[in-house]
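A.B. asks: My structure is below; once you've seen it, I'll send some questions.
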There are 4 protein chains.
Amino acid sequence: MSESESLDWRGESSAVAVLSFDVDAESPIVAADGRHADNAMAMSHQAYGPNVGVPRLLELLADYELPASFFVPGLTADRYPATVEQILEAGHEIGHHSYSHRSPLLLGTDGERADFERALAALERFGVKPRGHRAAGWEARWQTAELVIEHGLEYDSSLMGHDRPYRLLTAAGPLIELPVHWSLDDWEQYAFLPNPDIGRVIESPRKVAEMWKLELEAMRRHKGLFMLTCHPFLSGRPSRVEALREVIEHALSLDYKFMQAAEVAAQASLDPELPEQDHGPLDLDSQIFPRSDSPERR
Amino acid sequence: MSESESLDWRGESSAVAVLSFDVDAESPIVAADGRHADNAMAMSHQAYGPNVGVPRLLELLADYELPASFFVPGLTADRYPATVEQILEAGHEIGHHSYSHRSPLLLGTDGERADFERALAALERFGVKPRGHRAAGWEARWQTAELVIEHGLEYDSSLMGHDRPYRLLTAAGPLIELPVHWSLDDWEQYAFLPNPDIGRVIESPRKVAEMWKLELEAMRRHKGLFMLTCHPFLSGRPSRVEALREVIEHALSLDYKFMQAAEVAAQASLDPELPEQDHGPLDLDSQIFPRSDSPERR
Amino acid sequence: MSESESLDWRGESSAVAVLSFDVDAESPIVAADGRHADNAMAMSHQAYGPNVGVPRLLELLADYELPASFFVPGLTADRYPATVEQILEAGHEIGHHSYSHRSPLLLGTDGERADFERALAALERFGVKPRGHRAAGWEARWQTAELVIEHGLEYDSSLMGHDRPYRLLTAAGPLIELPVHWSLDDWEQYAFLPNPDIGRVIESPRKVAEMWKLELEAMRRHKGLFMLTCHPFLSGRPSRVEALREVIEHALSLDYKFMQAAEVAAQASLDPELPEQDHGPLDLDSQIFPRSDSPERR
Amino acid sequence: MSESESLDWRGESSAVAVLSFDVDAESPIVAADGRHADNAMAMSHQAYGPNVGVPRLLELLADYELPASFFVPGLTADRYPATVEQILEAGHEIGHHSYSHRSPLLLGTDGERADFERALAALERFGVKPRGHRAAGWEARWQTAELVIEHGLEYDSSLMGHDRPYRLLTAAGPLIELPVHWSLDDWEQYAFLPNPDIGRVIESPRKVAEMWKLELEAMRRHKGLFMLTCHPFLSGRPSRVEALREVIEHALSLDYKFMQAAEVAAQASLDPELPEQDHGPLDLDSQIFPRSDSPERR
C-alpha cells in the first residue's frame, strides 16, 4: 500500500461525526405484529416520519450543508417513493436497512437472505446500489456480515464491539464495521407507544442534547466515531429538531467533520491501524448455558 | 371560495395553542378490567380528576381567561354530572371521548359503533352535541374517522400524522384532524399505578414544564399546532397545576393564541393549503408481516 | 358544636406536613412470593430499613425536633421489636400497616379481616393501640374503611380522592381520610429490585428533593396536606437522608407545621368544612366493563 | 487484641472508597438464555467491555494512581485471558464473580457449588487466588456466604444490609461483608438491551455523576463505605469514563482514600466496633406467605 493510500480513518480531521437516519416508517410496528396495521393512530405516528420528519430534517441538514446517511427499509421505499427521491436529490447516502424490519434472529438463515435480497430489489427500483447495511433493530446474526460481503456492500453498521470503525474478520473475509450504540440513538430517549410497546419514557430534548454533547466532547478525547442514529418519526418533532441543531452546532464548535457513513468506511478500509475483531459464533458449553429453544431447534 | 373565507388555519395569529383535558375519571381503569372497580384506592385516584382536578383547572383557565376543550367519556358524564355542568358554565367546549374508554381496537366494528353512539347519548343528556371526537387511548381504527363523519362531527383529534391540522381523505369524505402526540400529554410524564399498570415513572413538573416550553418555542418556528392533552386526575395536583401555569405564561409571552379545538378545526377547514393525507388500511403482504391473530379472525 | 371546638383542619397553621414512614422491612418482598425469602441479597436490602434506616431517620427527626408517624406491618414488629421500641421512645406515632403487606385485593374479605386483626395483635404486644391505618400497597378495598371503623381507629391513610383531609361516608359511618399520593412517595423514585420487580429506575435525590419542594410550594397555595411517605430501606441511604433534610428545611422556611397523622385527623374531625365523599362500590354495567375474573367469582 | 491491631475499618482515613469493576462480558447475556449467543450485536455489545472498556478504565485509574478491584466471571477469564493479564499487570485485585453469571437462586445448592468451584479453577489458571467474592447479579443465597468461608475467601461483596462494612454471623462462622447497592451501580443508569431485557432507560452521565457525588458527600457525613460498581461494557463508553473521572476528582477533593476491597476487608476484620448481623433463613409462616414454587419443591 503506497503512503498516499495509507490513512488514519479520520483522514485530516481531528474528529468525525456521521448523522444517520433510519427511515423506518410503519415497518418496525407491523413487523412486531401484522395486526398493528389496524391501529390507525400507530400508523399515523409512523407515517409522520417520511411525511413530516424527513423534509424537516433535510432542511436542517441544508442549513449547515451537511452530508448524511439514510437507512431505508424496503417497505418504506415501496410505500414512500417521493421520500426516497427527496433524499437522493439532496445528495445523501441511502443504505440497506432490511425490507421488513423483522429481526434476523426471528427470520432465520433463509428468511434473512430473502429479506436482504428483497430490500436490495426495492432500492434498485430507485437506481440505488447501497454501499452499507444496517440490520433491523441492529439485531444482526453472525451470518449477517457474510451476507453483506457476499452482496458486495462495503460496510456494516449494526454492531457495538468498539466506538471506532473496526474490521470484522469473518469466515467470508474482512468487513468494515461502523459501530452504533444505544446511547447515541433517539429511540431510547423519545419512543413511546403502548401497543406495541416500543418504549415507555419520553425524555426532554434538553436532556438528550446534553447527553450527546457530552459524548461529542468525550469522543474527541478518546478518538471515537460519533455515529448518531435518529428516526424521522421521533426526531422530526419540532423541539427535537432544535435539539439536534444544538448538537450539530456543538460538534462544529469542536471541529468535528461530518461525513457520510460510506466515506468513513472507505477511509477506514485504508487505515492499517484499524482495530480488528474475530467475528463468529461463541463456543459455549450448553450444559452451563442452556438454551430455552433447544428442544425445538436441536 | 371568497377571499375573506380563505384563511390560514392560524387566522391572524402567529402561533396557536389548544389546551385539551381528557376527563377520564374511572373509565380507563375499569376499561382495562372491570375487577379494578374493587380497588378503592385506584377508584379514588381517578375520582380526584372530576372532584378536585377539574375545579382547580377551571380556576387556572379563569385566571388567564383562556378557552379550552374538555373531552369527556360517557361514563364520566353519567357519574359526574356536576362536573359537566361546571365545564359548560365556564364556557368551554365538550368533545366526544367514547363512552367506556375501551380501545376501538378491542371493541371491533360493531362494538365501536355502539360505544360511539352511547357516548353521544350521554352528552346529549346535557344538551351537548359535540363538534369533535377523540378516540379512547387515541387508538383509532381506520373506520373511526368514518364514524365521526357519519355522525356529523367536524373534526377528530386522535392521530399523529402531522403536527399541524391536516385533512384526512377517507372513503366517507374529508375530515379535519387536529393531531395529538405522546410528548404533549401529561400521562407519559406523571401516570403511575401498579395495578393496572398505567405507567411506572413519575417525572418532576419542572422537567415537564421545560419540555413543553421547548416545544412551544420550536413549534412557533416550525408552524405547528400546540395541542396539549392533560388529565385532571394527573395535572390537577398542586405542583402540576403550577407547571401548567408556567407553560401558559410562556406561551403568552411568545404571542400564542389559545383557542378551542372546534374553533381551530373551523379555521382549518377554510385553509386551502392544509396538508392532506390518504386515510385507509395499508396493503401489506401477510406472508412478510404475519398477524398473531390471523387464525381467530380469518 | 361550640365555637372553640370548630376548627379548620390546619388549626392555627397556614400549612401542614406529615412525615410518614412505612417500615416495611421484608414484608412486601415475601408478600410477593414466599420464595423470595431464599434471596439473601433481597432480604438484606430490606433489613437495611429497620437496622440502618430507622435509626438514621430518627436522628434526622431529632435534629429538627419533628414529630412523625411510622406505619409498621405486624411482620416487622415481630421480627424487629427493638425498632418498634426505638420509635416509641422517640415519641412518634405508630400506625397499623397490615400484618403481611399482602394486598387486600388478593386476600379477599375473610383474609383481609384476619390479617387486619393479626396486625393489631402484633402492635398490642408493644402496648400500641393504633389510631390510624394504612393499607398494604395502599390497595384498600371498599370494605377496608369499614374494618377500620369497626376496630375503633380514627383515620385511614391509603386513598387519593383529595389532597386535603376528607371524610369518607361509608355504610358503617364516617371516617377521616388523610390522603397519600404516588408523587409524594419515595418508592416510585428510588426502589429498584429485579426479582421481584419492585421498580426499575433510580432517580437522583436532587430530582426528588426538587419535586417535593415544588409540591410544598404549590400545596401551600392550594391548601393541601403535604403527606409524605418514605420507606427506611430506601430513604435511609445517606444522600437520600440529606435530600429529605433539604425538603424539611424548605418546609420550615415556608412556615409549614409538622404534625403526626393522628393529630391532623383529630383536628380534621372538628372541621365542619371538611370535604366529604361517598365511599362504596361503583355501579357498573358488566357488559360494558367485563371482569377478567367473572367466571371464577360470580 | 493489642491496641496496634485494633483499628477502625477506615484506618487513618476520614472516608474510604472502593472502585469495583464487574468484567461480565458476555456472561450475563448468555446466562439469561444460551440462545442469545446467536445475537451478534448483543455479543459485540458485551465484548466491548474487555476489548475497549477495560483498557480505557485502566488508563483512567493510572491517571490518578488508584487501586481497584475487578470481579471477573470464569467465562470472561476463559474467553479474554489478555484482559485478566492486563488487570494483574496494573496491580489491581481480581475477585471471584461466579463462573457463568447464572443466579445462585436458579442454580440451587449443588449447582451453585459447582459454579463456584469452576470459577476458582478459571482464576487459578492465572495464579489468582481470590480474597473476595461477589455473587452473580448480587443474588446470593443464604448458603453462599458459607461457600465463601469454606473456600477460604476473606470477604463477600453482594449484600445490602448496611452501608458500612459489617460482619455476617453465619452457621459456618463470621464473614466480612463489603456491601453494595443498586444506587451505586452503573447498570441501573446505563444498561439498555431489548432482548434480553437488561434495562430500558439510558440516563445522562451528568445525572449519574451528580447522584454519585451527592452520595460521596453524604457518606462522608454518615461514615459509609463508598463501594461503586461499574461494568466496563457500560462505563467504558467515552462520556461515562469522563463522568467517572468527575466522581473520582470529587472524592479526592473530599479527602477520600481509594482502596482495594481486600484491603478494606482486612482492616474491617480488625475493627471491634464493626456492625454484626445474623445471617440465615427467615422463619416465615408459609400460610401467611405462600410460595409459588411450593408444589414443585416441597
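Every chain in the C-alpha cells takes a letter, A first, then B, and so on in the order presented; its residues are numbered from 1, and the ligands are numbered from 1 following the presented order.
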Where in segment 58-236 of chain C does DSSP assign alpha helix (DSSP H), given as a PyMOL selection string?

C.D. replies: chain C and resi 58-64+74-79+81-89+104-124+144-150+187-190+205-222+232-235

A.B. asks: Neighbouring residues of Phe289 of chain B were defined as those with any atom within 9 Å, considering only C-alpha atoms; residues of the same chain fewer than 6 positions away were excluded. Please report them as a PyMOL selection string.

C.D. replies: chain A and resi 30-35+100+102

A.B. asks: Name all residues at most 8 Å from Arg164 of chain B (count only C-alpha atoms; drop same-chain ones fewer than 5 positions away) and give them as a list of chain:residue names.

C.D. replies: B:Leu178, B:Pro179, B:Lys223, B:Gly224, B:Leu225

A.B. asks: Would you give me, as CSV, each residue of chain A having an atom within 9 Å of an atom of chain B, along with its shortest atom pair and that distance in Å to one decimal, using only C-alpha atoms and sorting by chain and residue number?

C.D. replies:
residue,atom,partner,partner_atom,distance
A:Val30,CA,B:Phe289,CA,6.3
A:Ala31,CA,B:Phe289,CA,5.7
A:Ala32,CA,B:Phe289,CA,8.2
A:Asp33,CA,B:Arg291,CA,5.3
A:Gly34,CA,B:Arg291,CA,4.2
A:Arg35,CA,B:Arg291,CA,5.1
A:His36,CA,B:Arg291,CA,8.3
A:Ala37,CA,B:Leu282,CA,6.6
A:Asp38,CA,B:Arg141,CA,6.0
A:Asn39,CA,B:Arg141,CA,5.2
A:Ala40,CA,B:Arg141,CA,4.9
A:Met41,CA,B:Leu159,CA,4.9
A:Ala42,CA,B:Glu139,CA,7.6
A:Met43,CA,B:Gly161,CA,8.1
A:Ser44,CA,B:Gly161,CA,4.3
A:His45,CA,B:Met160,CA,4.8
A:Gln46,CA,B:Gly161,CA,7.5
A:Ala47,CA,B:Gly161,CA,5.9
A:Tyr48,CA,B:Gly161,CA,4.7
A:Gly49,CA,B:Gly161,CA,8.5
A:Asn51,CA,B:His162,CA,7.8
A:Val52,CA,B:His162,CA,6.4
A:Gly53,CA,B:His162,CA,9.0
A:Arg56,CA,B:His222,CA,8.7
A:Ser100,CA,B:Ile288,CA,7.0
A:Arg102,CA,B:Phe289,CA,8.4
A:Asp115,CA,B:Ile288,CA,8.8
A:Tyr190,CA,B:Ser183,CA,8.3
A:Phe192,CA,B:Trp182,CA,6.9
A:Leu193,CA,B:Trp182,CA,8.0
A:Arg200,CA,B:Glu188,CA,7.4
A:Val201,CA,B:Glu188,CA,6.8
A:Ile202,CA,B:Ser183,CA,6.7
A:Glu203,CA,B:Met211,CA,8.2
A:Ser204,CA,B:Met211,CA,5.1
A:Pro205,CA,B:Met211,CA,6.9
A:Arg206,CA,B:Met211,CA,7.5
A:Arg237,CA,B:Asp163,CA,7.8
A:Pro238,CA,B:Ala218,CA,5.1
A:Ser239,CA,B:Glu215,CA,4.8
A:Arg240,CA,B:Glu215,CA,8.3
A:Val241,CA,B:Ala218,CA,8.2
A:Glu242,CA,B:Ala218,CA,6.8

A.B. asks: Going by DSSP on the backbone, which bits of segment 108-232 of chain D are strand (DSSP E or B)? Write them as a list in words, please.

C.D. replies: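 Reading the DSSP output for segment 108-232 of chain D, strand (DSSP E or B) covers Gly132, His133, Arg141, Tyr155, Asp156, Tyr166, Arg167, Leu168, Leu169, Thr170, Gly173, Pro174, Leu175, Ile176, Glu177, Asp185, Phe192, Leu193, Pro194, Asp197, Ile198, Gly199, Arg200, Leu225, Phe226, Met227, Leu228, Thr229 and Cys230 of chain D.
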
A.B. asks: Kindly give the distance, in Å, that separates atom CA of His97 of chain A and atom CA of His133 of chain A, rounded to a single decimal.

C.D. replies: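 Here the two named atoms are 6.0 Å from each other.
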
A.B. asks: Excluding same-chain residues fewer than 2 positions from Ile94 of chain A, what lies within 7 Å of it counting only C-alpha atoms, as a PyMOL selection string?

C.D. replies: chain A and resi 69-72+92+130

A.B. asks: Quick one, how far is atom CA of Asp185 of chain A from atom CA of Asp22 of chain D?

C.D. replies: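 Between atom CA of Asp185 of chain A and atom CA of Asp22 of chain D the gap works out to 25.3 Å.
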
A.B. asks: Between atom CA of Gly74 of chain B and atom CA of Ala122 of chain B, what is the spacing in Å?

C.D. replies: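 Atom-to-atom, atom CA of Ala122 of chain B and atom CA of Gly74 of chain B are spaced 5.2 Å apart.
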
A.B. asks: For Thr76 of chain B, please output as JSON, numbers by chain all residues within 9 Å (counting only C-alpha atoms; exclusion window: fewer than 2 positions along the same chain).

C.D. replies: {"B": [23, 24, 25, 26, 27, 50, 72, 73, 74, 78, 79, 80, 81, 83, 84, 99, 100]}

A.B. asks: Dump N, CA and C atoms for the selected residues as a PDB file, in the first residue's frame?

C.D. replies:
ATOM      1  N   VAL B  23     -61.214  14.129  30.546  1.00  0.00           N
ATOM      2  CA  VAL B  23     -61.749  13.932  31.898  1.00  0.00           C
ATOM      3  C   VAL B  23     -62.113  12.457  32.093  1.00  0.00           C
ATOM      4  N   ASP B  24     -61.073  11.630  32.161  1.00  0.00           N
ATOM      5  CA  ASP B  24     -61.284  10.179  32.118  1.00  0.00           C
ATOM      6  C   ASP B  24     -61.946   9.634  33.371  1.00  0.00           C
ATOM      7  N   ALA B  25     -61.641  10.201  34.526  1.00  0.00           N
ATOM      8  CA  ALA B  25     -62.120   9.631  35.797  1.00  0.00           C
ATOM      9  C   ALA B  25     -61.845   8.121  35.814  1.00  0.00           C
ATOM     10  N   GLU B  26     -62.792   7.305  36.237  1.00  0.00           N
ATOM     11  CA  GLU B  26     -62.527   5.866  36.407  1.00  0.00           C
ATOM     12  C   GLU B  26     -62.405   5.107  35.092  1.00  0.00           C
ATOM     13  N   SER B  27     -62.860   5.715  33.981  1.00  0.00           N
ATOM     14  CA  SER B  27     -63.063   4.924  32.768  1.00  0.00           C
ATOM     15  C   SER B  27     -61.840   4.126  32.290  1.00  0.00           C
ATOM     16  N   PRO B  50     -62.422  14.514  38.417  1.00  0.00           N
ATOM     17  CA  PRO B  50     -63.599  15.393  38.401  1.00  0.00           C
ATOM     18  C   PRO B  50     -63.781  16.168  39.709  1.00  0.00           C
ATOM     19  N   VAL B  72     -64.854  14.313  27.281  1.00  0.00           N
ATOM     20  CA  VAL B  72     -65.491  13.676  28.436  1.00  0.00           C
ATOM     21  C   VAL B  72     -66.104  12.329  28.036  1.00  0.00           C
ATOM     22  N   PRO B  73     -65.560  11.213  28.529  1.00  0.00           N
ATOM     23  CA  PRO B  73     -66.192   9.916  28.250  1.00  0.00           C
ATOM     24  C   PRO B  73     -67.617   9.883  28.796  1.00  0.00           C
ATOM     25  N   GLY B  74     -68.465   9.107  28.168  1.00  0.00           N
ATOM     26  CA  GLY B  74     -69.845   8.990  28.612  1.00  0.00           C
ATOM     27  C   GLY B  74     -69.958   8.519  30.051  1.00  0.00           C
ATOM     28  N   ASP B  78     -72.049  10.394  32.985  1.00  0.00           N
ATOM     29  CA  ASP B  78     -73.100   9.746  33.774  1.00  0.00           C
ATOM     30  C   ASP B  78     -72.804   9.808  35.276  1.00  0.00           C
ATOM     31  N   ARG B  79     -71.547   9.616  35.642  1.00  0.00           N
ATOM     32  CA  ARG B  79     -71.202   9.538  37.062  1.00  0.00           C
ATOM     33  C   ARG B  79     -70.973  10.914  37.690  1.00  0.00           C
ATOM     34  N   TYR B  80     -70.557  11.895  36.908  1.00  0.00           N
ATOM     35  CA  TYR B  80     -70.218  13.214  37.461  1.00  0.00           C
ATOM     36  C   TYR B  80     -70.951  14.329  36.715  1.00  0.00           C
ATOM     37  N   PRO B  81     -72.274  14.339  36.787  1.00  0.00           N
ATOM     38  CA  PRO B  81     -72.996  15.376  36.023  1.00  0.00           C
ATOM     39  C   PRO B  81     -72.615  16.792  36.451  1.00  0.00           C
ATOM     40  N   THR B  83     -69.796  17.916  37.245  1.00  0.00           N
ATOM     41  CA  THR B  83     -68.543  18.278  36.574  1.00  0.00           C
ATOM     42  C   THR B  83     -68.821  18.775  35.161  1.00  0.00           C
ATOM     43  N   VAL B  84     -69.707  18.076  34.465  1.00  0.00           N
ATOM     44  CA  VAL B  84     -70.065  18.501  33.109  1.00  0.00           C
ATOM     45  C   VAL B  84     -70.691  19.897  33.157  1.00  0.00           C
ATOM     46  N   TYR B  99     -67.626   6.206  25.165  1.00  0.00           N
ATOM     47  CA  TYR B  99     -68.400   6.020  26.394  1.00  0.00           C
ATOM     48  C   TYR B  99     -67.531   5.354  27.463  1.00  0.00           C
ATOM     49  N   SER B 100     -66.909   4.241  27.095  1.00  0.00           N
ATOM     50  CA  SER B 100     -66.290   3.365  28.098  1.00  0.00           C
ATOM     51  C   SER B 100     -64.778   3.539  28.224  1.00  0.00           C
TER      52      SER B 100
END
